[in-house]
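Engineer: Please find one structure pasted underneath; my questions will follow.
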Amino acid sequence: MTEPISVVLAGAGGYGAVYLSALLDEPLPVPVRLAGIVDPAPAHCARLDELAARGVDCFASLEGCYDALGQKNENVDLVIVSSPIHRHAHQTCLALSRGSHVLCEKPAAATIDDVDRMERARIEAGRFVAVGFQWSFYPSVQQLKSDIISGLFGAPLRFKSLCLWPRDASYYGRNSWAGRMSTPEGAPVLDSPVNNAMAHFLHHMLYLLGDWTAQSARPASLTAELYRANAIETFDTAALRVVTDGGVEILFYCSHAVRADRGPVFTLDFENATVTYSGGPSPVVARFADGRSKHYASPESEPEFAKLSLCLEAIAEKKGQEVIPCGLDAARAHTLCVRAVHESMPRAVDFPEDLLRETGKDGGRLRSIDGLAEILEECFEKNSLPNELKTPWAECGRSDFFTPPPGD
């Protein structure tokens, strides 16, 4: 019988609870042993009593977990880092230094210095680090990316994506760092829809434009418009224009200050085809100029934990970073963009008070802006930023240009 893969989950609340359900309940491709849970506030874990009954201990720190397991001569094959953004770099580097592989949730880290530190630790350890932008692990996305790289659609011209997801007061009150530039202790976090809830969809466009499977396109410039309806440090609404070093324009629109869900949706324009996704269970469709079409599965129809399964199989088969489609290198472009967003517009613009509407009460109170969804949808259709449509409240940040890596 194959020896079970030993897994430690860092972060059992929030999205970590979804990982926990996958580890405890889902059929996985190889046998797994949950060796420990790391969470300084374990009361947030709804299955704590069940874990105790299964003999799975909970630890306040990853260091404490390793020390306790080491005393029992237990190894850790994989650490899943599903903790807050500001803990990603430390926990990933610690896990690597103890000989474990890592599946780190998105984003890779809050700062580019942390991402680079994690990559140095990965190389030194000879282990893999996967970053949990789950779309990048889906077979349908890999097929689409392969078709782009092969030139099936011709040269890419413009990629754009829109995502509108309302978030109420409970979202911003769920912890001490939501909507903040840093934690109360001063650790950078840069929490925003671009770096958290909707980070997937900016990364997805960068990733599809990468020259090979585990690479994303490098941004050359970025211009941001940032707004907020909520009393937060960062922003709840953004419109971005990124230009890659290959000259492809990327447009990204997102907001939590709306009253109804829409998206994610995207349109990818090429010389010889247009690829569209209208959201939900609908397929991704490539329509060629000559009338042909090609369909890809909806991201919603793919197994969410393809990323976990791939990591477990890589360990079982003794494979390394070469089989990970989205690692630190692929995730780095997104972190570069997040840094540039805040440099483009260091302070978000407050929406006009006369457009602000509040519905619900207490934790369910939602602050939304009249007409915002329609303006962002018009921007999406016209390939524009709000200020370019002469929106009265719109202000544009400066363009931020990226320094090419040495040797370019």
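As shown in the structure tokens, the chain order sets the letters A, B, ...; within each chain, residues go from 1, and ligands are also counted from 1 in the order they appear.
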Would you kindly return, as a ChimeraX atom specification, each protein, DNA or RNA residue with an atom no farther than 6 Å from any atom of stretch 78-95 of chain A, considering only C-alpha atoms and excluding same-chain residues fewer than 3 positions away?
Structural biologist: /A:7-11,16,98,100-105,109,114,118,121,189
Engineer: So that I can check the secondary structure, give me every residue of stretch 178-256 of chain A assigned strand (DSSP E) by backbone DSSP, as a PyMOL selection string.
Structural biologist: chain A and resi 219-228+237-244+249-255
Engineer: Name the residues in contact with A:Leu48 at a cut-off of 10 Å, using only C-alpha atoms, excluding same-chain residues fewer than 4 positions from it; report them as a list in words.
Structural biologist: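 In the requested form, the answer reads Ala12, Ile37, Pro42, Ala43, His44, Ala52, Ala53, Arg54, Val56, Asp57 and Cys58 of chain A.
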Engineer: Ranking A:Ser150, A:Thr274, A:Thr335, A:Ser182 by minimum distance to A:Arg218 and counting only C-alpha atoms, which one comes first?
Structural biologist: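 Ranked by minimum distance to A:Arg218, first place goes to A:Thr335.
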Engineer: For A:Leu164, please output as a PyMOL selection string all residues within 9 Å (counting only C-alpha atoms; exclusion window: fewer than 2 positions along the same chain).
Structural biologist: chain A and resi 162+166+253-264+373+376
Engineer: Include N, CA and C atoms and write out the residues we just selected as a tab-separated table (two decimals), in the first residue's frame.
Structural biologist:
```
chain	number	residue	atom	x	y	z
A	162	LEU	N	-14.38	41.50	-16.44
A	162	LEU	CA	-15.25	42.25	-15.56
A	162	LEU	C	-15.79	41.33	-14.48
A	166	PRO	N	-21.03	42.02	-4.89
A	166	PRO	CA	-21.33	42.81	-3.70
A	166	PRO	C	-20.71	42.18	-2.45
A	253	TYR	N	-11.89	45.28	-14.66
A	253	TYR	CA	-12.88	46.07	-13.95
A	253	TYR	C	-13.47	45.21	-12.82
A	254	CYS	N	-13.50	45.75	-11.60
A	254	CYS	CA	-14.03	44.97	-10.49
A	254	CYS	C	-14.61	45.89	-9.43
A	255	SER	N	-15.62	45.39	-8.72
A	255	SER	CA	-16.21	46.19	-7.65
A	255	SER	C	-16.96	45.32	-6.66
A	256	HIS	N	-16.88	45.74	-5.38
A	256	HIS	CA	-17.73	45.19	-4.32
A	256	HIS	C	-18.89	46.15	-4.00
A	257	ALA	N	-18.88	47.38	-4.57
A	257	ALA	CA	-19.86	48.40	-4.21
A	257	ALA	C	-21.03	48.42	-5.19
A	258	VAL	N	-21.56	47.26	-5.48
A	258	VAL	CA	-22.67	47.09	-6.41
A	258	VAL	C	-23.75	46.27	-5.72
A	259	ARG	N	-24.94	46.23	-6.32
A	259	ARG	CA	-26.05	45.56	-5.67
A	259	ARG	C	-26.34	44.16	-6.20
A	260	ALA	N	-25.71	43.78	-7.30
A	260	ALA	CA	-25.98	42.46	-7.88
A	260	ALA	C	-24.70	41.86	-8.45
A	261	ASP	N	-24.63	40.54	-8.38
A	261	ASP	CA	-23.49	39.82	-8.95
A	261	ASP	C	-23.50	39.90	-10.47
A	262	ARG	N	-22.31	40.05	-11.02
A	262	ARG	CA	-22.11	39.77	-12.43
A	262	ARG	C	-20.67	39.33	-12.62
A	263	GLY	N	-20.51	38.24	-13.34
A	263	GLY	CA	-19.18	37.78	-13.67
A	263	GLY	C	-18.62	36.79	-12.67
A	264	PRO	N	-17.38	36.40	-12.93
A	264	PRO	CA	-16.49	37.00	-13.93
A	264	PRO	C	-16.90	36.68	-15.36
A	373	ALA	N	-22.49	49.86	-11.62
A	373	ALA	CA	-22.43	48.64	-12.43
A	373	ALA	C	-22.57	48.97	-13.91
A	376	LEU	N	-19.29	50.56	-15.29
A	376	LEU	CA	-18.22	49.59	-15.49
A	376	LEU	C	-18.53	48.65	-16.65
```
Engineer: Which one of A:Gly132, A:Leu24, A:Ile250, A:Thr403 sits closest to A:Ser384 if you count only C-alpha atoms?
Structural biologist: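 Among the listed residues, the smallest separation from A:Ser384 belongs to A:Ile250.
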Engineer: Compile the contact shell of A:Arg339 as a PyMOL selection string: residues with an atom at most 10 Å away, counting only C-alpha atoms, same-chain residues fewer than 3 positions apart removed.
Structural biologist: chain A and resi 110-112+190+195+334-336+342-344+400
Engineer: Next, dump the selected residues to file, keeping only C-alpha atoms, as a JSON list (two decimals), in the first residue's frame.
Structural biologist:
```json
[["chain", "number", "residue", "atom", "x", "y", "z"],
["A", 110, "ALA", "CA", 1.74, 40.98, -0.27],
["A", 111, "THR", "CA", 5.00, 42.32, -1.73],
["A", 112, "ILE", "CA", 7.32, 41.46, -4.58],
["A", 190, "LEU", "CA", -2.66, 45.39, 0.52],
["A", 195, "ASN", "CA", -5.38, 41.33, -4.43],
["A", 334, "HIS", "CA", 0.08, 39.64, -10.44],
["A", 335, "THR", "CA", 2.01, 40.86, -7.39],
["A", 336, "LEU", "CA", 3.88, 43.33, -9.60],
["A", 342, "HIS", "CA", -1.02, 51.47, -5.34],
["A", 343, "GLU", "CA", 1.80, 53.47, -6.91],
["A", 344, "SER", "CA", -0.47, 54.62, -9.73],
["A", 400, "ASP", "CA", 3.39, 53.28, -13.61]]
```
Engineer: Set the distance at 6 Å and use only C-alpha atoms: which residues neighbour stretch 322-332 of chain A once local chain neighbours fewer than 4 positions away are removed? I'd like the list as a list in words.
Structural biologist: Val129, Ala130, Val131, Thr213, Ala214, Gln215 and Ser216 of chain A
Engineer: One number please: atom CA of A:Asn383 to atom CA of A:Leu251, in Å, one decimal.
Structural biologist: 7.2 Å
Engineer: I want to know what sits within 10 Å of A:Leu366, based on only C-alpha atoms, with residues of the same chain fewer than 5 positions away left out; could you give that as number ranges by chain?
Structural biologist: A: 166-171, 229-230, 256-259, 357-361
Engineer: Compare A:Phe288, A:Gly13, A:Gly320, A:Pro188 by their minimum atom-to-atom distance to A:Ala125, counting only C-alpha atoms, and give me the closest one.
Structural biologist: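 Closest to A:Ala125, using only C-alpha atoms: A:Gly320.
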Engineer: DSSP on the backbone: what in stretch 89-307 of chain A comes out helix (DSSP H, G or I), as number ranges by chain?
Structural biologist: A: 89-97, 112-125, 134-137, 139-150, 169-172, 199-208, 299-301, 306-307
Engineer: Between atom CA of A:Asn196 and atom CA of A:Cys337, what is the distance in Å, rounded to a tenth?
Structural biologist: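 Taking atom CA of A:Asn196 as the start and atom CA of A:Cys337 as the end point, the length is 12.9 Å.
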Engineer: Rounded to one decimal, what separation in Å do you get between atom CA of A:Ala217 and atom CA of A:Met205?
Structural biologist: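 If I compute the distance from atom CA of A:Ala217 to atom CA of A:Met205, I get 8.6 Å.
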